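Dropping my_file-v1.txt in here (compact mmCIF, C-alpha atoms):
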# COMPACT_ATOMS: atom_id res chain seq x y z
CA MET L 1 97.71 135.18 101.76
CA ALA L 2 101.11 133.55 102.16
CA THR L 3 101.59 131.95 105.52
CA ASP L 4 104.21 130.15 107.55
CA ALA L 5 102.65 127.82 110.10
CA GLY L 6 99.48 129.87 109.79
CA ASN L 7 101.19 133.24 110.19
CA PRO L 8 100.95 135.86 107.44
CA ILE L 9 104.10 137.48 106.09
CA PRO L 10 104.62 140.65 108.16
CA ARG L 11 103.89 143.98 106.56
CA PHE L 12 106.74 145.97 105.04
CA PRO L 13 107.13 149.74 105.43
CA ALA L 14 104.87 152.12 103.52
CA GLY L 15 106.17 152.98 100.08
CA PHE L 16 108.00 149.66 99.69
CA LEU L 17 108.69 148.73 96.06
CA TRP L 18 107.36 145.33 95.00
CA GLY L 19 108.44 144.26 91.56
CA VAL L 20 109.77 141.70 89.12
CA SER L 21 112.90 141.78 86.96
CA THR L 22 113.86 140.78 83.41
CA SER L 23 116.69 141.54 80.99
CA ALA L 24 116.61 142.51 77.33
CA HIS L 25 118.75 139.75 75.81
CA GLN L 26 116.87 137.06 77.72
CA ILE L 27 113.33 138.04 76.67
CA GLU L 28 113.19 140.51 73.79
CA GLY L 29 114.09 138.41 70.77
CA ALA L 30 113.88 140.43 67.51
CA ALA L 31 117.63 139.95 67.10
CA ASP L 32 117.43 141.01 63.45
CA GLU L 33 116.07 144.40 64.53
CA ARG L 34 119.15 145.46 66.51
CA GLU L 35 122.90 145.43 66.21
CA PRO L 36 124.66 142.22 67.32
CA SER L 37 126.05 141.78 70.82
CA VAL L 38 128.84 139.67 72.27
CA TRP L 39 126.16 137.16 73.22
CA ASP L 40 125.12 136.67 69.59
CA ALA L 41 128.70 135.81 68.69
CA PHE L 42 129.05 133.54 71.73
CA THR L 43 125.86 131.56 71.07
CA ALA L 44 126.91 131.05 67.44
CA GLU L 45 129.93 129.04 68.61
CA PRO L 46 129.09 125.29 68.77
CA GLY L 47 128.88 123.90 72.30
CA ARG L 48 128.64 127.23 74.08
CA ILE L 49 124.90 126.92 74.93
CA LYS L 50 123.94 123.63 76.55
CA ASP L 51 120.78 123.06 74.51
CA GLY L 52 122.20 124.63 71.34
CA SER L 53 119.60 127.43 71.41
CA THR L 54 119.88 131.17 70.83
CA ALA L 55 118.03 134.25 72.01
CA ALA L 56 117.05 135.28 68.48
CA VAL L 57 113.36 134.93 69.40
CA ALA L 58 113.41 134.21 73.16
CA CYS L 59 110.01 135.34 74.55
CA ASP L 60 109.52 137.79 71.65
CA HIS L 61 108.87 140.50 74.21
CA TYR L 62 109.86 143.09 71.61
CA HIS L 63 106.68 142.33 69.66
CA ARG L 64 104.51 141.17 72.60
CA HIS L 65 105.40 143.70 75.27
CA ARG L 66 101.81 144.88 75.71
CA GLU L 67 100.80 141.35 76.66
CA ASP L 68 103.60 141.32 79.21
CA VAL L 69 102.65 144.73 80.61
CA ALA L 70 99.14 143.34 81.08
CA LEU L 71 100.66 140.47 83.07
CA LEU L 72 102.48 143.01 85.24
CA ALA L 73 99.29 144.96 85.82
CA GLY L 74 97.42 141.76 86.68
CA LEU L 75 100.16 140.76 89.09
CA GLY L 76 99.83 144.04 90.96
CA VAL L 77 103.50 145.00 91.17
CA ASN L 78 104.26 148.69 91.54
CA ALA L 79 107.65 148.49 89.76
CA TYR L 80 109.19 146.62 86.84
CA ARG L 81 112.93 146.23 86.39
CA PHE L 82 113.89 145.64 82.76
CA SER L 83 117.08 146.34 80.85
CA VAL L 84 117.73 148.59 77.90
CA SER L 85 119.64 146.84 75.13
CA TRP L 86 122.68 148.89 74.20
CA PRO L 87 122.89 147.10 70.81
CA ARG L 88 119.23 147.91 70.15
CA VAL L 89 119.71 151.59 70.98
CA ARG L 90 122.69 151.67 68.59
CA SER L 91 120.46 150.35 65.80
CA GLY L 92 118.83 153.77 65.46
CA THR L 93 115.21 152.89 66.21
CA GLY L 94 115.65 150.98 69.47
CA LEU L 95 114.69 153.88 71.69
CA ASP L 96 111.29 153.97 69.99
CA PHE L 97 110.60 150.55 71.53
CA TYR L 98 111.60 151.67 75.02
CA ASP L 99 109.50 154.81 74.59
CA ARG L 100 106.47 152.60 73.96
CA LEU L 101 107.32 150.24 76.80
CA VAL L 102 107.77 153.07 79.31
CA ASP L 103 104.54 154.74 78.18
CA ASP L 104 102.60 151.50 78.58
CA LEU L 105 104.10 150.82 82.00
CA CYS L 106 103.20 154.29 83.21
CA ALA L 107 99.66 153.91 81.86
CA ALA L 108 99.36 150.62 83.79
CA GLY L 109 100.53 152.24 87.03
CA VAL L 110 103.81 150.30 87.05
CA ARG L 111 107.00 152.24 87.72
CA PRO L 112 109.69 151.64 85.06
CA VAL L 113 113.12 150.80 86.52
CA PRO L 114 115.57 150.35 83.64
CA THR L 115 118.99 148.72 83.94
CA LEU L 116 121.37 150.30 81.44
CA PHE L 117 123.74 147.34 81.04
CA HIS L 118 122.80 143.71 81.58
CA TRP L 119 125.69 141.86 79.89
CA ASP L 120 124.72 142.38 76.22
CA LEU L 121 127.74 144.43 75.20
CA PRO L 122 127.61 145.61 71.58
CA ALA L 123 129.85 143.57 69.28
CA GLY L 124 133.11 145.36 68.68
CA LEU L 125 133.36 146.81 72.18
CA ASP L 126 135.52 145.25 74.88
CA TRP L 127 135.55 145.78 78.65
CA LEU L 128 139.31 145.19 78.61
CA GLU L 129 139.52 148.59 76.91
CA ARG L 130 139.10 151.72 79.04
CA ASP L 131 137.36 153.54 76.20
CA THR L 132 134.32 151.26 76.58
CA ALA L 133 133.47 153.06 79.83
CA ALA L 134 133.38 156.39 77.97
CA ARG L 135 131.22 154.90 75.21
CA PHE L 136 128.85 153.61 77.89
CA ALA L 137 128.46 157.09 79.39
CA GLU L 138 127.57 158.48 75.95
CA TYR L 139 124.92 155.81 75.50
CA VAL L 140 123.53 156.47 78.99
CA THR L 141 123.15 160.15 78.18
CA ARG L 142 121.23 159.27 75.04
CA VAL L 143 118.84 156.99 76.91
CA ALA L 144 118.32 159.44 79.77
CA ASP L 145 117.60 162.29 77.38
CA ARG L 146 114.88 160.18 75.72
CA LEU L 147 113.27 158.49 78.74
CA GLY L 148 114.15 160.71 81.69
CA ASP L 149 110.87 162.65 81.59
CA ARG L 150 109.08 159.45 82.69
CA VAL L 151 111.80 157.27 84.22
CA THR L 152 112.96 158.42 87.65
CA LYS L 153 114.65 155.32 89.07
CA TRP L 154 117.75 154.05 87.26
CA ILE L 155 120.17 151.10 87.53
CA THR L 156 123.57 151.48 85.89
CA LEU L 157 125.00 147.94 85.69
CA ASN L 158 123.85 144.43 86.48
CA GLU L 159 126.23 142.04 88.23
CA PRO L 160 129.67 143.18 87.08
CA ALA L 161 131.11 140.39 89.26
CA GLU L 162 129.46 137.61 87.22
CA HIS L 163 130.16 139.35 83.93
CA THR L 164 133.84 139.51 84.92
CA LEU L 165 134.12 136.02 86.40
CA LEU L 166 131.94 133.98 84.04
CA GLY L 167 132.53 135.93 80.84
CA HIS L 168 136.17 136.93 81.11
CA ALA L 169 137.90 134.81 83.78
CA LEU L 170 136.33 131.37 83.26
CA GLY L 171 134.88 131.71 79.75
CA VAL L 172 131.48 130.10 80.31
CA HIS L 173 129.56 133.28 79.39
CA ALA L 174 130.11 135.76 76.59
CA PRO L 175 132.59 136.84 75.40
CA GLY L 176 134.08 133.48 76.39
CA ARG L 177 137.53 134.48 77.61
CA GLN L 178 139.55 132.43 80.09
CA LEU L 179 141.83 135.08 81.56
CA LEU L 180 141.56 134.14 85.24
CA PHE L 181 143.10 137.03 87.22
CA ASP L 182 144.06 138.89 84.06
CA ALA L 183 140.33 139.69 83.86
CA LEU L 184 140.63 142.24 86.69
CA PRO L 185 140.72 145.22 84.27
CA VAL L 186 137.21 144.18 83.16
CA ALA L 187 135.99 144.71 86.72
CA HIS L 188 137.70 148.10 86.96
CA HIS L 189 136.40 149.37 83.64
CA GLN L 190 132.85 148.31 84.48
CA LEU L 191 133.05 150.12 87.80
CA LEU L 192 134.44 153.18 86.03
CA ALA L 193 131.58 152.95 83.53
CA HIS L 194 129.16 152.91 86.45
CA GLY L 195 130.67 156.09 87.91
CA LEU L 196 130.62 157.87 84.56
CA ALA L 197 127.01 156.75 84.09
CA VAL L 198 126.05 158.18 87.48
CA ARG L 199 127.55 161.51 86.43
CA ALA L 200 125.72 161.37 83.10
CA LEU L 201 122.41 160.59 84.81
CA ARG L 202 122.90 163.38 87.33
CA ALA L 203 123.59 165.79 84.46
CA SER L 204 120.26 164.74 82.95
CA GLY L 205 118.46 165.52 86.22
CA ALA L 206 118.19 162.00 87.69
CA THR L 207 117.92 161.84 91.49
CA ASP L 208 117.27 158.12 92.13
CA ILE L 209 120.24 156.04 90.96
CA GLY L 210 121.52 152.62 92.02
CA ILE L 211 123.42 149.58 90.81
CA ALA L 212 122.52 145.86 90.89
CA ASN L 213 125.45 143.96 92.40
CA SER L 214 125.31 140.26 93.21
CA HIS L 215 126.29 139.35 96.75
CA GLY L 216 126.07 136.43 99.12
CA PRO L 217 127.64 135.33 102.39
CA THR L 218 130.88 133.36 102.09
CA TRP L 219 131.10 130.44 104.49
CA ALA L 220 134.45 128.82 105.23
CA ALA L 221 134.42 125.05 104.70
CA SER L 222 135.96 124.59 108.16
CA THR L 223 137.74 126.50 110.89
CA GLU L 224 141.11 125.35 109.55
CA ALA L 225 143.34 128.33 108.70
CA ALA L 226 143.70 127.33 105.03
CA ASP L 227 139.92 127.17 104.55
CA VAL L 228 139.32 130.47 106.35
CA GLU L 229 142.02 132.19 104.29
CA ALA L 230 140.57 130.83 101.04
CA ALA L 231 137.05 131.93 102.02
CA ASP L 232 138.31 135.42 102.88
CA PHE L 233 139.97 135.70 99.47
CA TYR L 234 136.81 134.54 97.68
CA ASP L 235 134.77 137.07 99.64
CA VAL L 236 137.09 139.84 98.51
CA LEU L 237 136.78 138.80 94.86
CA LEU L 238 133.01 138.31 94.69
CA ASN L 239 131.76 140.77 97.28
CA ARG L 240 134.18 143.44 98.43
CA LEU L 241 135.89 144.02 95.06
CA PHE L 242 132.57 145.38 93.78
CA ALA L 243 131.17 146.98 96.95
CA ASP L 244 134.19 148.63 98.61
CA PRO L 245 135.04 150.98 95.69
CA LEU L 246 131.41 152.08 95.38
CA LEU L 247 130.72 152.56 99.07
CA LEU L 248 134.15 153.31 100.57
CA GLY L 249 136.00 154.80 97.61
CA ARG L 250 138.81 152.25 97.80
CA TYR L 251 139.65 148.72 96.72
CA PRO L 252 140.30 145.97 99.27
CA GLU L 253 143.94 145.74 100.32
CA GLY L 254 146.18 144.41 97.58
CA ILE L 255 143.66 144.85 94.76
CA GLY L 256 144.11 148.47 93.70
CA GLU L 257 147.69 147.97 92.52
CA LEU L 258 146.48 145.25 90.14
CA MET L 259 144.11 147.61 88.33
CA PRO L 260 144.98 149.64 85.21
CA GLY L 261 145.30 153.39 84.85
CA ASP L 262 145.24 156.13 87.47
CA VAL L 263 143.32 154.12 90.04
CA GLU L 264 143.08 156.87 92.65
CA ALA L 265 141.56 159.29 90.13
CA ASP L 266 139.21 156.60 88.83
CA LEU L 267 138.02 155.76 92.34
CA LYS L 268 136.75 159.31 92.74
CA VAL L 269 134.49 158.65 89.75
CA ILE L 270 133.55 155.12 90.80
CA ALA L 271 132.49 156.32 94.26
CA GLU L 272 129.99 158.90 93.01
CA PRO L 273 127.26 158.91 95.71
CA LEU L 274 124.37 156.51 95.15
CA ASP L 275 120.76 157.01 96.17
CA TRP L 276 120.34 153.30 96.88
CA TYR L 277 122.30 150.07 96.57
CA GLY L 278 120.86 147.09 94.69
CA ILE L 279 121.64 143.54 95.75
CA ASN L 280 120.93 140.38 93.77
CA TYR L 281 120.81 137.47 96.21
CA TYR L 282 120.55 133.77 95.42
CA ALA L 283 122.62 131.74 97.91
CA PRO L 284 125.69 131.69 100.16
CA THR L 285 128.89 130.08 98.91
CA ARG L 286 130.91 127.54 100.92
CA VAL L 287 134.61 127.89 100.19
CA GLY L 288 137.72 126.02 101.21
CA ALA L 289 141.37 125.69 100.36
CA PRO L 290 142.29 124.61 96.81
CA GLN L 291 142.02 120.86 96.23
CA GLY L 292 144.51 120.53 93.38
CA ALA L 293 142.01 119.51 90.72
CA GLU L 294 139.25 120.97 88.60
CA ILE L 295 135.88 121.07 90.35
CA GLU L 296 132.50 121.11 88.63
CA PHE L 297 130.18 123.39 90.59
CA GLY L 298 126.82 124.75 89.55
CA GLY L 299 127.51 123.86 85.93
CA VAL L 300 130.83 125.75 85.97
CA THR L 301 134.27 124.14 85.87
CA MET L 302 136.49 125.79 88.48
CA PRO L 303 140.16 125.50 87.40
CA ALA L 304 142.61 123.78 89.70
CA GLU L 305 144.92 126.82 89.79
CA LEU L 306 142.42 128.99 91.65
CA PRO L 307 143.49 129.76 95.25
CA PHE L 308 140.18 128.43 96.61
CA SER L 309 137.65 125.70 95.93
CA VAL L 310 133.87 125.98 96.05
CA ARG L 311 132.20 123.22 98.08
CA GLU L 312 128.66 121.90 98.37
CA ILE L 313 126.41 123.34 101.07
CA GLU L 314 124.82 120.35 102.73
CA GLY L 315 121.63 120.17 104.77
CA HIS L 316 119.55 122.47 102.55
CA PRO L 317 117.20 121.75 99.65
CA VAL L 318 118.40 122.75 96.19
CA THR L 319 116.72 124.24 93.15
CA ASP L 320 116.72 122.36 89.86
CA PHE L 321 119.83 124.42 89.03
CA GLY L 322 121.50 122.79 92.05
CA TRP L 323 121.66 126.03 94.02
CA PRO L 324 121.09 125.66 97.79
CA VAL L 325 117.96 127.29 99.20
CA VAL L 326 119.16 129.30 102.22
CA PRO L 327 116.76 132.15 103.07
CA GLU L 328 118.61 132.97 106.28
CA GLY L 329 121.63 133.83 104.13
CA LEU L 330 119.77 136.92 102.94
CA THR L 331 119.31 138.16 106.51
CA GLU L 332 122.97 137.41 107.24
CA LEU L 333 124.10 139.23 104.11
CA LEU L 334 122.09 142.38 104.77
CA THR L 335 122.96 142.70 108.45
CA GLY L 336 126.59 142.01 107.54
CA PHE L 337 126.56 144.79 104.95
CA ARG L 338 125.09 147.17 107.50
CA ASP L 339 127.78 146.25 110.00
CA ARG L 340 130.61 146.48 107.45
CA TYR L 341 129.64 149.72 105.72
CA GLY L 342 127.68 151.58 108.40
CA ASP L 343 126.44 154.98 107.30
CA ARG L 344 128.24 154.57 103.96
CA LEU L 345 125.56 152.05 102.94
CA PRO L 346 122.60 153.82 101.33
CA PRO L 347 119.10 152.32 101.40
CA VAL L 348 119.06 148.81 99.91
CA VAL L 349 116.82 147.32 97.23
CA ILE L 350 116.82 143.58 96.50
CA THR L 351 117.02 143.83 92.72
CA GLU L 352 116.92 140.06 92.11
CA ASN L 353 115.87 137.02 94.09
CA GLY L 354 114.43 133.89 92.58
CA CYS L 355 114.82 130.24 91.67
CA SER L 356 114.56 127.75 88.84
CA TYR L 357 111.94 125.00 89.04
CA PRO L 358 109.92 123.26 86.33
CA GLY L 359 106.15 123.14 86.02
CA VAL L 360 103.22 125.50 86.31
CA ASP L 361 102.05 124.33 89.74
CA ASP L 362 105.36 125.49 91.20
CA GLN L 363 104.90 125.02 94.92
CA GLU L 364 108.67 124.85 95.46
CA ARG L 365 109.02 128.39 94.06
CA ILE L 366 106.26 129.58 96.38
CA ALA L 367 108.09 128.10 99.36
CA TYR L 368 111.35 129.70 98.18
CA LEU L 369 109.83 133.17 97.83
CA ASP L 370 107.92 132.88 101.09
CA GLY L 371 111.10 132.00 102.97
CA HIS L 372 113.20 134.73 101.39
CA ILE L 373 110.64 137.49 101.86
CA ARG L 374 110.36 136.53 105.53
CA ALA L 375 114.17 136.58 105.78
CA LEU L 376 114.14 140.03 104.19
CA HIS L 377 111.63 141.25 106.75
CA ARG L 378 113.87 139.97 109.55
CA ALA L 379 116.65 142.17 108.16
CA VAL L 380 114.27 145.14 108.13
CA ALA L 381 113.29 144.38 111.72
CA ALA L 382 117.00 144.29 112.60
CA GLY L 383 117.38 147.84 111.34
CA VAL L 384 118.53 147.44 107.74
CA ASP L 385 116.99 150.14 105.54
CA VAL L 386 115.46 148.05 102.73
CA ARG L 387 113.23 149.87 100.25
CA GLY L 388 112.22 147.23 97.70
CA TYR L 389 112.18 143.63 96.47
CA PHE L 390 112.18 142.34 92.87
CA VAL L 391 111.52 138.70 91.97
CA TRP L 392 113.63 137.18 89.22
CA SER L 393 111.82 136.76 86.92
CA LEU L 394 108.51 137.68 85.32
CA LEU L 395 108.92 135.22 82.44
CA ASP L 396 110.69 131.96 81.74
CA ASN L 397 113.48 133.05 79.42
CA PHE L 398 116.81 132.38 77.73
CA GLU L 399 118.96 131.52 80.72
CA TRP L 400 122.33 132.39 79.22
CA ALA L 401 124.61 129.36 78.77
CA GLU L 402 121.83 127.06 80.02
CA GLY L 403 119.58 127.97 77.09
CA TYR L 404 115.91 127.29 77.83
CA ALA L 405 116.42 124.41 80.28
CA ARG L 406 116.08 126.54 83.44
CA ARG L 407 112.79 128.24 84.25
CA PHE L 408 112.86 131.19 86.66
CA GLY L 409 109.57 132.80 85.67
CA LEU L 410 106.36 133.48 87.55
CA VAL L 411 104.85 133.06 84.08
CA HIS L 412 105.40 129.91 82.02
CA VAL L 413 106.41 130.48 78.40
CA ASP L 414 105.86 127.82 75.76
CA PHE L 415 108.87 128.50 73.55
CA GLY L 416 107.16 126.80 70.60
CA THR L 417 104.01 128.92 70.62
CA LEU L 418 105.17 131.77 72.93
CA GLU L 419 101.94 131.34 74.92
CA ARG L 420 102.17 132.80 78.42
CA THR L 421 100.59 130.93 81.35
CA PRO L 422 100.72 132.40 84.87
CA LYS L 423 102.03 129.85 87.36
CA ALA L 424 100.81 129.15 90.88
CA SER L 425 103.65 131.41 92.10
CA TYR L 426 102.24 134.31 90.05
CA ARG L 427 98.92 133.97 91.87
CA TRP L 428 100.70 133.60 95.23
CA TYR L 429 102.75 136.77 94.67
CA ARG L 430 99.61 138.63 93.56
CA GLU L 431 97.88 137.70 96.82
CA LEU L 432 100.94 138.74 98.82
CA LEU L 433 100.94 142.14 97.13
CA ARG L 434 97.26 142.60 97.84
CA ALA L 435 97.90 141.83 101.52
CA GLN L 436 100.81 144.32 101.55
CA ALA L 437 98.82 147.09 99.86
CA PRO L 438 98.21 150.23 101.95
CA THR L 439 94.99 150.18 103.92
CA ALA L 440 92.61 153.12 103.87

Translate the structure described by the file into structure tokens.
Amino acid sequence: MATDAGNPIPRFPAGFLWGVSTSAHQIEGAADEREPSVWDAFTAEPGRIKDGSTAAVACDHYHRHREDVALLAGLGVNAYRFSVSWPRVRSGTGLDFYDRLVDDLCAAGVRPVPTLFHWDLPAGLDWLERDTAARFAEYVTRVADRLGDRVTKWITLNEPAEHTLLGHALGVHAPGRQLLFDALPVAHHQLLAHGLAVRALRASGATDIGIANSHGPTWAASTEAADVEAADFYDVLLNRLFADPLLLGRYPEGIGELMPGDVEADLKVIAEPLDWYGINYYAPTRVGAPQGAEIEFGGVTMPAELPFSVREIEGHPVTDFGWPVVPEGLTELLTGFRDRYGDRLPPVVITENGCSYPGVDDQERIAYLDGHIRALHRAVAAGVDVRGYFVWSLLDNFEWAEGYARRFGLVHVDFGTLERTPKASYRWYRELLRAQAPTA
């Protein structure tokens, strides 16, 4: 059992969801058995992926999913968050695969929790266009009609903030645009797509719907007014821009007038009530005033013209991705959300939390998870209604623009042979789940 100075991790409330997360483009492979996505076009451009790789095969989960379901069953999780590939569903036979996957999960006693969009937009669609939100709702209806007799818990979108910022503002993810603030319509149309998807799911009979938004505390680089102002602006862009419309039915001050269309009417759709709110947490961000030059941070070049600069967080260990390990940031984030949104905040699920480290004897990952789960329990003890926790990720996978250089999995994947090898962290998490299991 996981311990901290000899103390076991405290027990979480009865009915707590313990799971792991993956996404279709990162693990499925079988690219020739689906329609292309914006990520296929992006990875085909020289220099876009750091190791020159593609996700054409990835973990070949499409052909080896039963092996992966067995890993889930052996791990002892009671929920599995995966994503449905919109391009695969459009291929005509894609839903047959998800039928099989859901059946096998249910047979293994693992609750299926599908995410309906995890960045792999079908080629030919564009989040700059409002019509993409309507096309998304049609696709959601199709998936719900096929899987809704067995799937009860749904996630509409994954991390619209990162998809907007990295894919459309800075150009380091697909589709590779560098629009800076002209990317704001992408955020609005994704949020509208979420609201339309909630309505489509409700029409199909769904009663357990959430979203997976990425959030983290924003720390000002100093108490100087310029740094505080820059940090406040960054917090609006990366946190409140994607939480306020969903939970409060309005954009932060000054943002709504920058969005396209009839924003007030759209907000009524965007703010469709949620049954729970998903948060992906990795680290806080330290932000200061602009420094007048490009800054390389976390593998991303931040342009000089941005009205803020991202700074290093000192005094904390970092993952092999260079991300600071700050478990207490999770407690701060959750209690801050409770204080900001009050009774407008539904129950929370941590839909992603994890880290990249090499090796199979991954003691650093164990320490990371131990610290963050304890931090999560402190938020529960402080009165935050948290209902679940999902580790990112089950498998080492295609890590977007990083290719295969970053390993987030509890299970090691040899990308030459596709052999799966459970890591020390897999065994640690299994023991934690056994300790958390209900007692007779």

Using the file's own x, y and z axes, what box holds all listed atoms of segment 365-380 of chain L with 3 Å on each side, keeping edges along x, y and z, and what are its centre and edge lengths in Å to one decimal, as JSON?
{"center_x": 111.5, "center_y": 136.6, "center_z": 101.8, "size_x": 16.4, "size_y": 23.0, "size_z": 21.5}

query: Can you tell me how far atom CA of Tyr277 of chain L sits from atom CA of Thr164 of chain L, in Å to one decimal?
result: 19.5 Å

message: Show me, as a PyMOL selection string, the residues that have an atom within 7 Å of Ala424 of chain L when counting only C-alpha atoms, minus same-chain residues fewer than 2 positions from it.
response: chain L and resi 360-362+422+426-428

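Taking all atoms listed in the file into account, Val326 of chain L lies nearest to L:Pro284 out of the set L:Pro290, L:Pro284, L:Gly94, L:Gly19.
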
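For the pair atom CA of Gly29 of chain L and atom CA of Leu191 of chain L, the interatomic distance is 28.0 Å.
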
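Put simply, atom CA of Asp99 of chain L is 22.6 Å away from atom CA of Arg199 of chain L.
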
- prompt: Taking into account all atoms listed in the file, which residue in the set L:Gly210, L:Gln291, L:Thr421, L:Arg434 is nearest to Leu71 of chain L?
  reply: L:Thr421

Using only C-alpha atoms, determine which residues lie at most 10 Å from Leu166 of chain L, disregarding the query and same-chain residues fewer than 5 positions distant; provide the list as a PDB file with C-alpha atoms, keeping the file's coordinate frame.
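File written: around-v7.pdb
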ATOM      1  CA  PRO L 160     129.670 143.180  87.080  1.00  0.00           C
ATOM      2  CA  ALA L 161     131.110 140.390  89.260  1.00  0.00           C
ATOM      3  CA  GLY L 171     134.880 131.710  79.750  1.00  0.00           C
ATOM      4  CA  VAL L 172     131.480 130.100  80.310  1.00  0.00           C
ATOM      5  CA  HIS L 173     129.560 133.280  79.390  1.00  0.00           C
ATOM      6  CA  ALA L 174     130.110 135.760  76.590  1.00  0.00           C
ATOM      7  CA  PRO L 175     132.590 136.840  75.400  1.00  0.00           C
ATOM      8  CA  GLY L 176     134.080 133.480  76.390  1.00  0.00           C
ATOM      9  CA  ARG L 177     137.530 134.480  77.610  1.00  0.00           C
ATOM     10  CA  GLN L 178     139.550 132.430  80.090  1.00  0.00           C
ATOM     11  CA  LEU L 180     141.560 134.140  85.240  1.00  0.00           C
ATOM     12  CA  VAL L 300     130.830 125.750  85.970  1.00  0.00           C
TER      13      VAL L 300
END

message: Counting all atoms listed in the file, I want the residues whose atoms come within 6 Å of (116.8, 126.7, 82.4) in the file frame, returned as a ChimeraX atom specification.
response: /L:399,402,404-407

task: Excluding Asp235 of chain L and residues on its chain fewer than 5 positions from it, collect all residues at most 10 Å away from it, counting all atoms listed in the file, and give them as a PyMOL selection string.
output: chain L and resi 215-220+229-230+240-241+285+287

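With all atoms listed in the file as the atoms that count, the minimum distance from Asp208 of chain L to the choices L:Pro260, L:His316, L:Val349, L:Arg90 is reached by L:Val349.
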
message: At a cut-off of 12 Å, using only C-alpha atoms, what residues contact Ala367 of chain L? Leave out same-chain residues fewer than 4 positions from it and give the result as JSON, numbers by chain.
response: {"L": [2, 3, 4, 317, 319, 325, 326, 327, 354, 355, 357, 361, 362, 363, 371, 372, 373, 374, 424, 425, 428, 429]}

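Distance check against Ser53 of chain L using all atoms listed in the file: of L:Ala437, L:Ile313, L:Ala30, L:Ala401, the minimum falls on L:Ala401.
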
message: I'd like the contact shell of Ile27 of chain L - 6 Å cut-off, all atoms listed in the file, skipping same-chain residues fewer than 2 positions apart - returned as a PyMOL selection string.
response: chain L and resi 24-25+29+58-59+61+397

task: Return the single residue from L:Ala293, L:Ala200, L:Ile209, L:Val186 that is closest to Val151 of chain L, with distances computed using all atoms listed in the file.
output: L:Ile209

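Nearest to Ala212 of chain L of all the residues L:Ser309, L:Ser21, L:Ser356, L:Thr301 is L:Ser21, counting all atoms listed in the file.
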
So that each row is one residue of segment 60-111 of chain L with an atom at most 10 Å from segment 377-394 of chain L, can you give its shortest atom pair and the distance in Å to one decimal, using all atoms listed in the file, rows by chain and rising number, as a Markdown table?
| residue | atom | partner | partner_atom | distance |
| --- | --- | --- | --- | --- |
| L:Asp68 | CA | L:Leu394 | CA | 8.6 |
| L:Leu71 | CA | L:Leu394 | CA | 8.6 |
| L:Leu72 | CA | L:Leu394 | CA | 8.0 |
| L:Leu75 | CA | L:Leu394 | CA | 9.7 |
| L:Val77 | CA | L:Phe390 | CA | 9.2 |
| L:Ala79 | CA | L:Phe390 | CA | 8.2 |
| L:Tyr80 | CA | L:Phe390 | CA | 8.0 |
| L:Arg81 | CA | L:Phe390 | CA | 7.6 |
| L:Phe82 | CA | L:Leu394 | CA | 9.9 |
